[in-house]
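S.K.: Have a look at the structure that comes next, please.
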Amino acid sequence: MNHLNMTNPIKALMMLCMAFFILIGNSCIAQEGKTWLRFEGKEGPGKGKHIVLVSGDDEYRSEEAMPMLAKLLAQHYGFTCTVLFPIEPETGHIVPSYQNNIPGLEHLEKADLMILSTRFRELPDEQTQHFHNFLLAGKPIIGLRTATHAFHYEKNKTSPFAKYHWMGKEPGWEGGFGQKILGETWVAHHGDHGTEGARALIDGIAQQQDHPILRGVKDIWAASDVYTVKNIPKEAEVLIYGVPTSGMTPESPINWEKSIMPMAWTKDYQIEGGKKGKVFTTTMGASIDLISDDLRRLIVNGAFWALDMPDKITANMNVSIVGNYEPSMFGFGTFRKGMKVEDFR
């Protein structure tokens, strides 16, 4: 500290503080490519907006889906996208079944939108606090597939965030984060998991009224089956219903012996002490589902809607995949072993 001008203690203190924040900032930057990925936005309507995509499910390969969506949003529309992953601390590998670590959630503090695709996470409180701050700020959320049961507090039941638990019973938080924020928690598989896919049935009234999220969306078939949905609030607007198909190809016939279920909807949310925000939720979103052009279109449209940019949505939005995308079939333990964050760039 001899090099500091100690005759001016205030100046010296300021210089120390600046050095500290530079050190912290450089440490965070150093983690890019190690614990999280950043795709800088190109030119486009999303330039200046920051989207954080959070992966972390052990079945539907969100660690594959989120980088693909991030590259699409950055390359075609100018959004800067940060992708977070479940990291096993001992190896630094992406291990989706490791439920207690998603580094980089501090990026949510400056994010404009979060796209969430986690399942049964029980994160350290210091990580979840960033998530909670996002909710307090009332920022928009897109929830994919297992985001309805994003949290599972089994060990740390005294955590201030234990109310996020998918079977939460705290008054006002019944059904946890999924029910409170997205509009539904985990209920059951409506289709036969692994043998029946899902055909999207677009709500005709919403389509006729030119709902911006449905603009240009015509044909979606998803390999992941239809979830049972029975608790979404009356004020939610269902945009797409789903019905199982008798088979696992887009050509498989609809199984009309099974009823239809809500499969994509919008709603508002607000937590205690927080601002009101809005949500777009779909129970589709496995990495293999996103082979569907119109499912990618639905999510891209959802991002513009969530960011109050519906006028930028056209029926022919570019949703082409950037680079190679060869998604794995969903299943437990089917993730690519030994993969590091950099491998998904």
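Every chain in the structure tokens takes a letter, A first, then B, and so on in the order presented; its residues are numbered from 1, and the ligands are numbered from 1 following the presented order.
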For the structure I just gave you, how does DSSP split stretch 250-312 of chain A - specifically, which residues are helix (DSSP H, G or I)? Reply as a PyMOL selection string.
M.R.: chain A and resi 289-291+293-306+310-312
S.K.: Neighbouring residues of A:His50 were defined as those with any atom within 6 Å, considering only C-alpha atoms; residues of the same chain fewer than 3 positions away were excluded. Please report them as an NGL selection string.
M.R.: :A and (79-81 or 111-112)
S.K.: Please report, as CSV, each residue of stretch 170-263 of chain A lying at most 9 Å from stretch 321-332 of chain A, together with the nearest pair of atoms and the separation in Å rounded to one decimal; use only C-alpha atoms, and order rows by chain and ascending residue number.
M.R.:
residue,atom,partner,partner_atom,distance
A:Gly194,CA,A:Phe330,CA,8.6
A:Ala223,CA,A:Met329,CA,8.8
A:Ser224,CA,A:Phe330,CA,7.8
S.K.: As an exercise, work out the distance from atom CA of A:His165 to atom CA of A:Glu122 in Å and give it to one decimal place.
M.R.: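 Atom CA of A:His165 sits 8.6 Å away from atom CA of A:Glu122.
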S.K.: Looking at only C-alpha atoms, which of A:Gly191, A:Lys312, A:Thr35, A:Ile51 is the one that sits closest to A:Glu88?
M.R.: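 Once distances to A:Glu88 are computed over only C-alpha atoms, the minimum belongs to A:Thr35.
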S.K.: Name the residues in contact with stretch 299-306 of chain A at a cut-off of 8 Å, using only C-alpha atoms, excluding same-chain residues fewer than 6 positions from it; report them as a list in words.
M.R.: Leu73, Leu113, Pro140, Ile141, Ile142, Pro212, Ile213, Leu214, Arg215, Lys278, Val279, Phe280, Lys312, Ile313 and Val319 of chain A
S.K.: Okay, now the selection with all heavy atoms, as a compact mmCIF listing (two decimals), in the first residue's frame?
M.R.:
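Output file selection12.txt is given in full below:
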# COMPACT_ATOMS: atom_id res chain seq x y z
N LEU A 73 -30.95 -16.10 -30.98
CA LEU A 73 -31.42 -14.78 -30.56
C LEU A 73 -30.34 -13.72 -30.73
O LEU A 73 -30.63 -12.57 -31.06
CB LEU A 73 -31.88 -14.84 -29.10
CG LEU A 73 -33.18 -15.61 -28.86
CD1 LEU A 73 -33.33 -15.98 -27.39
CD2 LEU A 73 -34.38 -14.78 -29.32
N LEU A 113 -34.60 -10.23 -19.47
CA LEU A 113 -35.50 -11.38 -19.63
C LEU A 113 -34.77 -12.63 -19.19
O LEU A 113 -33.57 -12.77 -19.42
CB LEU A 113 -35.92 -11.51 -21.10
CG LEU A 113 -36.64 -12.80 -21.53
CD1 LEU A 113 -38.02 -12.90 -20.88
CD2 LEU A 113 -36.76 -12.87 -23.06
N PRO A 140 -39.65 -9.98 -16.90
CA PRO A 140 -40.38 -11.04 -17.61
C PRO A 140 -39.63 -12.37 -17.63
O PRO A 140 -38.40 -12.42 -17.59
CB PRO A 140 -40.53 -10.48 -19.02
CG PRO A 140 -39.38 -9.53 -19.16
CD PRO A 140 -39.17 -8.92 -17.81
N ILE A 141 -40.43 -13.44 -17.71
CA ILE A 141 -39.91 -14.81 -17.66
C ILE A 141 -40.56 -15.63 -18.76
O ILE A 141 -41.77 -15.53 -19.00
CB ILE A 141 -40.21 -15.47 -16.30
CG1 ILE A 141 -39.61 -14.66 -15.15
CG2 ILE A 141 -39.70 -16.91 -16.26
CD1 ILE A 141 -40.10 -15.12 -13.78
N ILE A 142 -39.76 -16.46 -19.41
CA ILE A 142 -40.28 -17.54 -20.26
C ILE A 142 -39.91 -18.84 -19.58
O ILE A 142 -38.74 -19.11 -19.31
CB ILE A 142 -39.67 -17.49 -21.68
CG1 ILE A 142 -40.11 -16.22 -22.41
CG2 ILE A 142 -40.09 -18.73 -22.48
CD1 ILE A 142 -39.52 -16.06 -23.80
N PRO A 212 -49.51 -11.67 -30.71
CA PRO A 212 -48.15 -11.61 -31.27
C PRO A 212 -47.33 -12.87 -31.06
O PRO A 212 -46.47 -13.20 -31.90
CB PRO A 212 -47.52 -10.41 -30.54
CG PRO A 212 -48.40 -10.12 -29.38
CD PRO A 212 -49.77 -10.58 -29.77
N ILE A 213 -47.57 -13.62 -29.98
CA ILE A 213 -46.80 -14.84 -29.75
C ILE A 213 -47.15 -15.91 -30.77
O ILE A 213 -46.31 -16.75 -31.12
CB ILE A 213 -47.02 -15.36 -28.31
CG1 ILE A 213 -46.42 -14.38 -27.30
CG2 ILE A 213 -46.39 -16.75 -28.12
CD1 ILE A 213 -46.57 -14.80 -25.86
N LEU A 214 -48.36 -15.86 -31.31
CA LEU A 214 -48.80 -16.88 -32.27
C LEU A 214 -48.55 -16.47 -33.72
O LEU A 214 -48.81 -17.26 -34.63
CB LEU A 214 -50.30 -17.17 -32.09
CG LEU A 214 -50.69 -17.81 -30.77
CD1 LEU A 214 -52.21 -17.98 -30.70
CD2 LEU A 214 -49.98 -19.14 -30.57
N ARG A 215 -48.01 -15.29 -33.92
CA ARG A 215 -47.85 -14.78 -35.28
C ARG A 215 -46.91 -15.68 -36.08
O ARG A 215 -45.75 -15.87 -35.73
CB ARG A 215 -47.30 -13.36 -35.21
CG ARG A 215 -47.66 -12.47 -36.38
CD ARG A 215 -47.36 -11.02 -36.04
NE ARG A 215 -48.34 -10.45 -35.11
CZ ARG A 215 -48.15 -9.33 -34.40
NH1 ARG A 215 -47.00 -8.67 -34.51
NH2 ARG A 215 -49.09 -8.89 -33.59
N LYS A 278 -44.60 -10.28 -16.17
CA LYS A 278 -45.39 -11.16 -17.02
C LYS A 278 -44.60 -12.39 -17.43
O LYS A 278 -43.36 -12.38 -17.45
CB LYS A 278 -45.92 -10.42 -18.24
CG LYS A 278 -44.90 -9.77 -19.14
CD LYS A 278 -45.63 -9.02 -20.25
CE LYS A 278 -44.69 -8.37 -21.23
NZ LYS A 278 -45.42 -7.70 -22.33
N VAL A 279 -45.35 -13.42 -17.75
CA VAL A 279 -44.79 -14.75 -17.97
C VAL A 279 -45.39 -15.36 -19.22
O VAL A 279 -46.58 -15.19 -19.51
CB VAL A 279 -45.12 -15.66 -16.76
CG1 VAL A 279 -44.90 -17.13 -17.10
CG2 VAL A 279 -44.28 -15.29 -15.56
N PHE A 280 -44.54 -16.05 -19.96
CA PHE A 280 -45.00 -16.95 -21.02
C PHE A 280 -44.49 -18.33 -20.68
O PHE A 280 -43.29 -18.53 -20.51
CB PHE A 280 -44.49 -16.50 -22.39
CG PHE A 280 -44.74 -17.51 -23.49
CD1 PHE A 280 -46.02 -17.96 -23.74
CD2 PHE A 280 -43.70 -18.01 -24.25
CE1 PHE A 280 -46.26 -18.90 -24.76
CE2 PHE A 280 -43.92 -18.93 -25.26
CZ PHE A 280 -45.20 -19.37 -25.51
N LYS A 312 -42.33 -5.75 -33.30
CA LYS A 312 -41.19 -6.28 -34.05
C LYS A 312 -41.43 -7.70 -34.56
O LYS A 312 -40.61 -8.25 -35.30
CB LYS A 312 -39.93 -6.26 -33.18
CG LYS A 312 -39.56 -4.88 -32.64
CD LYS A 312 -39.23 -3.90 -33.74
CE LYS A 312 -38.78 -2.55 -33.16
NZ LYS A 312 -38.50 -1.56 -34.23
N ILE A 313 -42.54 -8.30 -34.15
CA ILE A 313 -42.82 -9.69 -34.51
C ILE A 313 -43.53 -9.75 -35.85
O ILE A 313 -44.58 -9.12 -36.03
CB ILE A 313 -43.68 -10.38 -33.43
CG1 ILE A 313 -42.99 -10.32 -32.06
CG2 ILE A 313 -43.96 -11.83 -33.82
CD1 ILE A 313 -43.86 -10.83 -30.93
N VAL A 319 -35.96 -18.02 -37.78
CA VAL A 319 -35.72 -18.91 -36.64
C VAL A 319 -34.77 -20.04 -37.02
O VAL A 319 -34.75 -21.09 -36.38
CB VAL A 319 -37.05 -19.48 -36.07
CG1 VAL A 319 -37.90 -18.37 -35.51
CG2 VAL A 319 -37.82 -20.27 -37.14
S.K.: Counting only C-alpha atoms, what is within 10 Å of A:Ala286, bar same-chain residues fewer than 4 positions away, as a list of chain:residue names?
M.R.: A:Asp57, A:Glu59, A:Tyr60, A:Arg61, A:Ser62, A:Glu64, A:Ala65, A:Ser117, A:Leu144, A:Arg145, A:Thr146, A:Ala222, A:Ala223, A:Ser224, A:Asp225, A:Leu290, A:Ile291, A:Pro327, A:Ser328, A:Met329, A:Phe330
S.K.: Name all residues at most 10 Å from A:Gly338 (count only C-alpha atoms; drop same-chain ones fewer than 4 positions away) and give them as number ranges by chain.
M.R.: A: 91-95, 343
